[in-house]
Every structure is written in structure tokens, then in C-alpha cells.
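For reference, entry.cif is printed below; it contains mmCIF, C-alpha atoms and all ligand atoms.
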data_structure
loop_
_atom_site.group_PDB
_atom_site.id
_atom_site.type_symbol
_atom_site.label_atom_id
_atom_site.label_comp_id
_atom_site.auth_asym_id
_atom_site.auth_seq_id
_atom_site.Cartn_x
_atom_site.Cartn_y
_atom_site.Cartn_z
ATOM 1 C CA MET T 42 110.820 97.099 112.404
ATOM 2 C CA PHE T 43 108.299 99.899 112.576
ATOM 3 C CA GLY T 44 104.897 100.616 111.115
ATOM 4 C CA PRO T 45 101.167 100.607 111.780
ATOM 5 C CA PRO T 46 99.179 97.450 112.496
ATOM 6 C CA GLY T 47 98.885 95.402 109.324
ATOM 7 C CA SER T 48 101.974 96.894 107.682
ATOM 8 C CA GLY T 49 103.772 93.545 107.607
ATOM 9 C CA LYS T 50 106.231 94.044 110.481
ATOM 10 C CA GLY T 51 105.869 90.494 111.781
ATOM 11 C CA THR T 52 106.111 88.794 108.392
ATOM 12 C CA GLN T 53 109.110 90.820 107.319
ATOM 13 C CA ALA T 54 110.921 90.728 110.684
ATOM 14 C CA SER T 55 110.693 86.959 110.691
ATOM 15 C CA ARG T 56 112.096 86.712 107.147
ATOM 16 C CA LEU T 57 114.896 89.170 107.921
ATOM 17 C CA ALA T 58 115.810 87.333 111.125
ATOM 18 C CA SER T 59 116.267 84.119 109.076
ATOM 19 C CA HIS T 60 118.175 85.943 106.365
ATOM 20 C CA PHE T 61 120.650 87.704 108.656
ATOM 21 C CA GLY T 62 120.758 85.180 111.515
ATOM 22 C CA TRP T 63 119.290 87.586 114.030
ATOM 23 C CA VAL T 64 116.984 86.918 116.958
ATOM 24 C CA HIS T 65 113.449 88.110 116.229
ATOM 25 C CA ILE T 66 111.478 89.486 119.156
ATOM 26 C CA SER T 67 107.844 90.412 118.598
ATOM 27 C CA THR T 68 106.409 91.919 121.774
ATOM 28 C CA GLY T 69 102.879 91.180 120.504
ATOM 29 C CA ASP T 70 103.757 87.491 119.968
ATOM 30 C CA VAL T 71 105.331 87.233 123.430
ATOM 31 C CA PHE T 72 102.248 88.791 125.047
ATOM 32 C CA ARG T 73 99.939 86.447 123.104
ATOM 33 C CA ARG T 74 102.020 83.458 124.216
ATOM 34 C CA HIS T 75 101.635 84.544 127.848
ATOM 35 C CA ILE T 76 97.881 84.968 127.405
ATOM 36 C CA LYS T 77 97.577 81.511 125.881
ATOM 37 C CA GLN T 78 99.585 79.974 128.694
ATOM 38 C CA GLN T 79 97.585 81.981 131.248
ATOM 39 C CA THR T 80 100.689 83.241 133.021
ATOM 40 C CA GLU T 81 100.540 86.085 135.521
ATOM 41 C CA LEU T 82 101.861 88.445 132.844
ATOM 42 C CA GLY T 83 99.287 87.142 130.378
ATOM 43 C CA GLN T 84 96.477 87.911 132.781
ATOM 44 C CA LYS T 85 97.827 91.422 133.333
ATOM 45 C CA VAL T 86 98.054 92.325 129.637
ATOM 46 C CA GLN T 87 95.003 90.611 128.152
ATOM 47 C CA GLN T 88 92.537 93.437 128.756
ATOM 48 C CA TYR T 89 94.786 96.020 127.036
ATOM 49 C CA ILE T 90 95.396 93.852 123.980
ATOM 50 C CA GLU T 91 91.737 92.962 123.536
ATOM 51 C CA ALA T 92 90.825 96.651 123.697
ATOM 52 C CA GLY T 93 93.508 97.625 121.157
ATOM 53 C CA GLN T 94 95.335 99.726 123.756
ATOM 54 C CA LEU T 95 99.023 99.654 124.571
ATOM 55 C CA VAL T 96 100.248 97.579 127.468
ATOM 56 C CA PRO T 97 101.777 99.962 130.068
ATOM 57 C CA ASP T 98 105.441 100.839 129.421
ATOM 58 C CA THR T 99 106.828 99.401 132.682
ATOM 59 C CA ILE T 100 105.353 95.970 131.966
ATOM 60 C CA THR T 101 106.426 96.031 128.315
ATOM 61 C CA VAL T 102 109.982 97.212 128.942
ATOM 62 C CA ALA T 103 110.552 94.604 131.675
ATOM 63 C CA MET T 104 109.259 91.877 129.381
ATOM 64 C CA LEU T 105 111.427 93.007 126.450
ATOM 65 C CA GLN T 106 114.514 93.142 128.652
ATOM 66 C CA GLU T 107 113.866 89.622 129.887
ATOM 67 C CA GLU T 108 113.407 88.358 126.314
ATOM 68 C CA MET T 109 116.675 89.939 125.142
ATOM 69 C CA GLN T 110 118.554 88.497 128.114
ATOM 70 C CA ARG T 111 117.467 85.022 127.054
ATOM 71 C CA HIS T 112 119.805 85.342 124.026
ATOM 72 C CA PRO T 113 123.193 86.388 125.412
ATOM 73 C CA GLY T 114 125.102 85.115 122.363
ATOM 74 C CA ALA T 115 122.892 86.787 119.752
ATOM 75 C CA ARG T 116 124.722 88.430 116.846
ATOM 76 C CA GLY T 117 121.848 90.796 116.398
ATOM 77 C CA PHE T 118 118.231 91.462 117.262
ATOM 78 C CA ILE T 119 115.304 92.527 115.160
ATOM 79 C CA LEU T 120 112.609 94.074 117.315
ATOM 80 C CA ASP T 121 109.094 94.015 115.917
ATOM 81 C CA GLY T 122 106.408 96.100 117.583
ATOM 82 C CA PHE T 123 108.824 97.678 120.033
ATOM 83 C CA PRO T 124 109.396 100.507 120.936
ATOM 84 C CA ARG T 125 105.872 101.834 120.569
ATOM 85 C CA THR T 126 106.173 104.924 122.782
ATOM 86 C CA ILE T 127 108.882 107.536 123.368
ATOM 87 C CA ALA T 128 109.300 106.210 126.929
ATOM 88 C CA GLN T 129 109.978 102.726 125.518
ATOM 89 C CA ALA T 130 112.511 104.161 123.034
ATOM 90 C CA GLU T 131 114.335 105.927 125.867
ATOM 91 C CA ALA T 132 114.305 102.809 128.028
ATOM 92 C CA LEU T 133 115.675 100.769 125.111
ATOM 93 C CA ASP T 134 118.521 103.233 124.555
ATOM 94 C CA ASP T 135 119.445 103.096 128.267
ATOM 95 C CA MET T 136 119.237 99.333 128.355
ATOM 96 C CA LEU T 137 121.398 98.867 125.251
ATOM 97 C CA GLN T 138 123.911 101.493 126.322
ATOM 98 C CA ALA T 139 124.377 99.724 129.651
ATOM 99 C CA ASN T 140 125.368 96.637 127.626
ATOM 100 C CA GLY T 141 127.612 98.414 125.119
ATOM 101 C CA MET T 142 125.049 98.199 122.303
ATOM 102 C CA GLU T 143 122.878 100.623 120.369
ATOM 103 C CA VAL T 144 119.992 100.731 117.923
ATOM 104 C CA ASP T 145 121.374 100.585 114.370
ATOM 105 C CA GLY T 146 118.219 101.848 112.771
ATOM 106 C CA LEU T 147 114.482 101.997 112.571
ATOM 107 C CA ILE T 148 112.786 100.970 109.338
ATOM 108 C CA ALA T 149 109.172 101.982 108.866
ATOM 109 C CA LEU T 150 106.933 100.124 106.424
ATOM 110 C CA ASP T 151 104.731 102.541 104.515
ATOM 111 C CA VAL T 152 101.316 101.141 103.537
ATOM 112 C CA PRO T 153 98.126 103.114 102.706
ATOM 113 C CA GLU T 154 95.543 102.996 105.501
ATOM 114 C CA SER T 155 92.867 101.347 103.326
ATOM 115 C CA GLU T 156 95.263 98.494 102.568
ATOM 116 C CA LEU T 157 96.130 98.116 106.280
ATOM 117 C CA ILE T 158 92.510 97.551 107.180
ATOM 118 C CA GLU T 159 92.062 95.103 104.330
ATOM 119 C CA ARG T 160 95.180 93.146 105.322
ATOM 120 C CA ILE T 161 94.111 92.939 108.990
ATOM 121 C CA GLN T 162 90.676 91.722 107.958
ATOM 122 C CA ILE T 163 92.209 89.011 105.766
ATOM 123 C CA ARG T 164 94.627 88.067 108.568
ATOM 124 C CA SER T 165 91.723 87.733 111.002
ATOM 125 C CA GLN T 166 90.495 84.707 109.059
ATOM 126 C CA THR T 167 93.594 82.737 110.069
ATOM 127 C CA SER T 168 95.263 84.580 112.969
ATOM 128 C CA GLY T 169 92.674 83.698 115.585
ATOM 129 C CA ARG T 170 93.328 87.184 116.988
ATOM 130 C CA ALA T 171 90.281 88.840 118.530
ATOM 131 C CA ASP T 172 91.937 92.256 117.982
ATOM 132 C CA ASP T 173 92.032 91.559 114.217
ATOM 133 C CA ALA T 174 88.381 90.528 113.997
ATOM 134 C CA ASP T 175 86.632 93.550 115.541
ATOM 135 C CA PRO T 176 86.505 96.666 113.301
ATOM 136 C CA LYS T 177 86.225 98.937 116.377
ATOM 137 C CA VAL T 178 89.400 97.459 117.867
ATOM 138 C CA ILE T 179 91.210 97.826 114.516
ATOM 139 C CA GLN T 180 90.257 101.520 114.466
ATOM 140 C CA GLU T 181 91.472 101.925 118.053
ATOM 141 C CA ARG T 182 94.810 100.303 117.230
ATOM 142 C CA LEU T 183 95.262 102.655 114.266
ATOM 143 C CA LYS T 184 94.384 105.639 116.467
ATOM 144 C CA VAL T 185 96.856 104.512 119.144
ATOM 145 C CA TYR T 186 99.488 104.116 116.425
ATOM 146 C CA HIS T 187 98.987 107.679 115.181
ATOM 147 C CA THR T 188 98.896 109.322 118.620
ATOM 148 C CA GLN T 189 101.373 107.312 120.705
ATOM 149 C CA THR T 190 103.604 105.366 118.328
ATOM 150 C CA ALA T 191 104.154 107.641 115.308
ATOM 151 C CA PRO T 192 106.261 110.082 117.438
ATOM 152 C CA VAL T 193 108.803 107.267 117.915
ATOM 153 C CA TYR T 194 109.710 107.686 114.232
ATOM 154 C CA GLU T 195 110.698 111.324 114.910
ATOM 155 C CA TYR T 196 112.734 110.208 117.931
ATOM 156 C CA TYR T 197 114.981 108.079 115.679
ATOM 157 C CA ASP T 198 114.798 110.492 112.753
ATOM 158 C CA ARG T 199 116.329 113.234 114.921
ATOM 159 C CA ARG T 200 119.230 110.854 115.555
ATOM 160 C CA GLY T 201 119.590 110.115 111.821
ATOM 161 C CA LYS T 202 118.451 106.534 112.323
ATOM 162 C CA ALA T 203 114.988 106.386 110.729
ATOM 163 C CA LEU T 204 114.113 105.220 107.230
ATOM 164 C CA THR T 205 110.849 104.590 105.415
ATOM 165 C CA ILE T 206 110.405 101.735 102.943
ATOM 166 C CA ASP T 207 107.526 101.129 100.549
ATOM 167 C CA GLY T 208 105.571 98.351 102.269
ATOM 168 C CA THR T 209 103.389 97.491 99.269
ATOM 169 C CA GLY T 210 103.909 94.727 96.728
ATOM 170 C CA THR T 211 104.582 91.047 97.235
ATOM 171 C CA ILE T 212 106.111 89.720 100.452
ATOM 172 C CA GLU T 213 109.258 88.790 98.485
ATOM 173 C CA GLN T 214 109.562 92.235 96.871
ATOM 174 C CA ILE T 215 109.307 93.937 100.245
ATOM 175 C CA THR T 216 111.886 91.598 101.822
ATOM 176 C CA GLN T 217 114.254 92.325 98.932
ATOM 177 C CA ARG T 218 113.880 96.074 99.472
ATOM 178 C CA LEU T 219 114.517 95.639 103.188
ATOM 179 C CA VAL T 220 117.567 93.409 102.715
ATOM 180 C CA GLU T 221 119.151 95.923 100.332
ATOM 181 C CA THR T 222 118.445 98.792 102.710
ATOM 182 C CA ILE T 223 119.792 96.972 105.747
ATOM 183 C CA GLU T 224 122.935 95.882 103.932
ATOM 184 C CA SER T 225 123.659 99.493 103.039
ATOM 185 C CA LEU T 226 122.968 100.587 106.614
ATOM 186 C CA VAL T 227 124.676 98.132 108.917
ATOM 187 C CA ASN T 228 127.540 95.683 108.886
ATOM 188 C CA THR T 229 125.698 92.397 108.543
ATOM 189 C CA ALA T 230 128.817 90.222 108.081
HETATM 190 P P1 LIG P 301 101.116 93.442 117.592
HETATM 191 O O1 LIG P 301 101.193 91.957 117.537
HETATM 192 O O2 LIG P 301 102.466 94.093 117.439
HETATM 193 O O3 LIG P 301 100.085 94.006 116.670
HETATM 194 O O4 LIG P 301 100.632 93.806 119.082
HETATM 195 C C1 LIG P 301 99.385 93.405 119.564
HETATM 196 C C2 LIG P 301 99.051 94.137 120.836
HETATM 197 O O5 LIG P 301 100.031 93.836 121.834
HETATM 198 C C3 LIG P 301 99.068 95.651 120.727
HETATM 199 O O6 LIG P 301 97.848 96.163 120.226
HETATM 200 C C4 LIG P 301 99.300 96.047 122.180
HETATM 201 O O7 LIG P 301 98.119 95.873 122.939
HETATM 202 C C5 LIG P 301 100.282 94.980 122.636
HETATM 203 N N1 LIG P 301 101.684 95.409 122.413
HETATM 204 C C6 LIG P 301 102.590 94.830 121.566
HETATM 205 N N2 LIG P 301 103.767 95.479 121.611
HETATM 206 C C7 LIG P 301 103.603 96.485 122.506
HETATM 207 C C8 LIG P 301 104.448 97.519 122.966
HETATM 208 N N3 LIG P 301 105.712 97.670 122.524
HETATM 209 N N4 LIG P 301 103.945 98.375 123.886
HETATM 210 C C9 LIG P 301 102.699 98.247 124.360
HETATM 211 N N5 LIG P 301 101.840 97.319 123.943
HETATM 212 C C10 LIG P 301 102.278 96.432 123.026
#
Let me see the structure of the file written as C-alpha cells.
Ligand code: AMP
Amino acid sequence: MFGPPGSGKGTQASRLASHFGWVHISTGDVFRRHIKQQTELGQKVQQYIEAGQLVPDTITVAMLQEEMQRHPGARGFILDGFPRTIAQAEALDDMLQANGMEVDGLIALDVPESELIERIQIRSQTSGRADDADPKVIQERLKVYHTQTAPVYEYYDRRGKALTIDGTGTIEQITQRLVETIESLVNTA
């Protein structure tokens, strides 16, 4: 699940995971859990997240790999917020290939920038996320998305695996669009 901050990746990934019986991994959620529990990893990543910067690839890839390995019997995964750099996309391909798997597809949620900012500001009232509450950090996250993450779309597009979905409307409407797209894309039986 791909898209800028505030595009609804987390909400939709969670709904799709329930719908299709897949394991949902949100790298942002895992990092926030580590920060809350004050683990060694949490202490390492906190400064990046609070500044709206990406956590370094080596740390992120190792964490993702560990999370996926915790679900050996999974019938599928939906990754939300990963990969966010070309290096992460390459590492994911290598990791999956080594286990006889591959990425079925990347779906980007398309939402106008003004709506993204509005959604993040509304979310900040309940998320308790410091990176949602500070307008400067929101701007930084959007900048990081455009410079470092947007190229990941091209990476999958070149392989014929990228799609863009209209990410506006009600949560239910967007889920419906996604379900229809995924069912036409992959064998979900
Ligand atoms: P998110 O919950 O997806 O908005 O992520 C919140 C923050 O966690 C991001 O702004 C980054 O600091 C960090 N983060 C989450 N996923 C990644 C990733 N794949 N690579 C690097 N940093 C990440």
C-alpha cells in the first residue's frame, strides 16, 4: 500500500488485511510500538520519526524482515509504509525471492496535497503522534515522500506492477475500489 502521508494507507491496509485474511505490517506502527516500549530499536529510531525523516534503510529492512518472519504461515502480506526508498524495494525483492515469493503489486492512493494536510491535522487530534501535530514536520514528511519515496512507484511501474487508485471519498468507497482492483490483480482465493 503506497502513497503520501495522510493518504489513508494505514486505514485501508488494515481493512484489506481483514477482508483478504492477510497479515498487515505497518513499519510506522512497529516503530511507534518500539518507541512506546522504549526498546533499543525504539531509542534508535525516535529522532528520525520526530523530525519527519526516514529511518535508515539497514535498520528498517532488518525490522521488516523480522516482522515477516514472525508469520511463517501467512497466506499473504499487506505492507503499509514499506518500501519507502529504492534500496528498500531492492532489499524486499531479494528477501522475497530467497523465500520463493514476490511482490504482487503496488497500489498508490491518490489524494490532493491540500486534503493530505487537512487529514493529518484532523488525525493529530486523536493519534497522539507528535509528527502529525507539527506543521513543519508534516511539510518535511511530504518533502521526503516526493524526493525519496515517489521514485519507488517508478521502480514497480517499470516491472508492470504499479497502479494508482483514487484515494478520495468515504473510507468504504475507497476500500471497495481497492478490493475490486486487488481481485482483478491477484489470486485471492
Ligand atoms: P508512517 O506511520 O508510515 O507515517 O511512518 C511514520 C514514520 O516512521 C515515518 O515518517 C518515518 O520516520 C518512519 N518510517 C516508517 N516506515 C518507514 C520506512 N519504510 N523507511 C523509513 N522510515 C520509515
Which is closer to ligand LIG 301 (chain P) than all the others in T:Gly83, T:Gly208, T:Gly122, T:Gly201, using all atoms listed in the file?
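Of all the options, T:Gly122 lies closest to ligand LIG 301 (chain P).
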Nearest to Lys202 of chain T, chosen from T:Gly146, T:Pro97, T:Pro176, T:Gly47, with only C-alpha atoms counted in the distances
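For Lys202 of chain T, the nearest of the candidates is T:Gly146.
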Each side padded by 8 Å, which centre and which edge lengths in Å (one decimal) define the axis-aligned box around the listed atoms of ligand LIG 301 (chain P)? Give them as JSON.
{"center_x": 101.8, "center_y": 95.2, "center_z": 120.5, "size_x": 23.9, "size_y": 22.4, "size_z": 23.7}
For Gln53 of chain T, the closest of T:Thr80, T:Ser155, T:Ser67, T:Thr229 counting all atoms listed in the file is T:Ser67
Apply the PyMOL selection byres (((chain T and resi 223) around 12) and not hetatm) to the file shown and report the selected residues as a count of residues only.
30
Write out as an MDAnalysis selection string each polymer residue (protein, DNA or RNA) that has an atom no more than 9 Å from ligand LIG 301 (chain P), with only C-alpha atoms and all ligand atoms counted.
chainID T and resid 45:47 50:51 67:73 86:98 100:102 105 121:126 129 172:173 178:179 181:182 185:186 190
Using the selection just defined, write its residues with C-alpha atoms as a short mmCIF file (atom, residue, chain, number, x, y, z; two decimals), in the coordinates of the input.
data_model
loop_
_atom_site.label_atom_id
_atom_site.label_comp_id
_atom_site.auth_asym_id
_atom_site.auth_seq_id
_atom_site.Cartn_x
_atom_site.Cartn_y
_atom_site.Cartn_z
CA PRO T 45 101.17 100.61 111.78
CA PRO T 46 99.18 97.45 112.50
CA GLY T 47 98.88 95.40 109.32
CA LYS T 50 106.23 94.04 110.48
CA GLY T 51 105.87 90.49 111.78
CA SER T 67 107.84 90.41 118.60
CA THR T 68 106.41 91.92 121.77
CA GLY T 69 102.88 91.18 120.50
CA ASP T 70 103.76 87.49 119.97
CA VAL T 71 105.33 87.23 123.43
CA PHE T 72 102.25 88.79 125.05
CA ARG T 73 99.94 86.45 123.10
CA VAL T 86 98.05 92.32 129.64
CA GLN T 87 95.00 90.61 128.15
CA GLN T 88 92.54 93.44 128.76
CA TYR T 89 94.79 96.02 127.04
CA ILE T 90 95.40 93.85 123.98
CA GLU T 91 91.74 92.96 123.54
CA ALA T 92 90.82 96.65 123.70
CA GLY T 93 93.51 97.62 121.16
CA GLN T 94 95.34 99.73 123.76
CA LEU T 95 99.02 99.65 124.57
CA VAL T 96 100.25 97.58 127.47
CA PRO T 97 101.78 99.96 130.07
CA ASP T 98 105.44 100.84 129.42
CA ILE T 100 105.35 95.97 131.97
CA THR T 101 106.43 96.03 128.32
CA VAL T 102 109.98 97.21 128.94
CA LEU T 105 111.43 93.01 126.45
CA ASP T 121 109.09 94.02 115.92
CA GLY T 122 106.41 96.10 117.58
CA PHE T 123 108.82 97.68 120.03
CA PRO T 124 109.40 100.51 120.94
CA ARG T 125 105.87 101.83 120.57
CA THR T 126 106.17 104.92 122.78
CA GLN T 129 109.98 102.73 125.52
CA ASP T 172 91.94 92.26 117.98
CA ASP T 173 92.03 91.56 114.22
CA VAL T 178 89.40 97.46 117.87
CA ILE T 179 91.21 97.83 114.52
CA GLU T 181 91.47 101.92 118.05
CA ARG T 182 94.81 100.30 117.23
CA VAL T 185 96.86 104.51 119.14
CA TYR T 186 99.49 104.12 116.42
CA THR T 190 103.60 105.37 118.33
#
In terms of the shortest atom-to-atom distance over all atoms listed in the file, which of T:Glu143, T:Asp151, T:Asp175, T:Glu156 is closest to Arg200 of chain T?
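Ranked by minimum distance to Arg200 of chain T, first place goes to T:Glu143.
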Distance criterion (all atoms listed in the file): nearest to Gln189 of chain T out of T:Trp63, T:Gly44, T:Ala103, T:Ile127:
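Closest to Gln189 of chain T, using all atoms listed in the file: T:Ile127.
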Tell me, in Å to one decimal, how far atom CA of Ala128 of chain T is from atom CA of Glu107 of chain T.
17.5 Å
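Checking T:Leu133, T:Val152, T:Leu157, T:Met142 one by one against Leu120 of chain T, counting all atoms listed in the file, you find the shortest gap at T:Leu133.
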In Å, rounded to a single decimal, give me how far atom CA of Ser48 of chain T is from atom CA of Glu131 of chain T.
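Atom-to-atom, atom CA of Glu131 of chain T to atom CA of Ser48 of chain T, that is 23.8 Å.
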Just the residues within 7 Å of Ala115 of chain T, please, counting only C-alpha atoms, with nothing from its chain fewer than 2 positions along; format it as a PDB file with C-alpha atoms, keeping the file's coordinate frame.
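Now in around24.pdb:
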ATOM      1  CA  TRP T  63     119.290  87.586 114.030  1.00  0.00           C
ATOM      2  CA  VAL T  64     116.984  86.918 116.958  1.00  0.00           C
ATOM      3  CA  HIS T 112     119.805  85.342 124.026  1.00  0.00           C
ATOM      4  CA  PRO T 113     123.193  86.388 125.412  1.00  0.00           C
ATOM      5  CA  GLY T 117     121.848  90.796 116.398  1.00  0.00           C
TER       6      GLY T 117
END
For the point (96.8, 89.3, 108.2) in file coordinates, what residues are within 10 Å, counting all atoms listed in the file? Give the answer as a list of chain:residue names?
T:Pro46, T:Gly47, T:Ser48, T:Gly49, T:Gly51, T:Thr52, T:Leu157, T:Ile158, T:Glu159, T:Arg160, T:Ile161, T:Gln162, T:Ile163, T:Arg164, T:Ser165, T:Gln166, T:Thr167, T:Ser168, T:Arg170, T:Asp173
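The space between atom CA of His65 of chain T and atom CA of Gly114 of chain T spans 13.5 Å.
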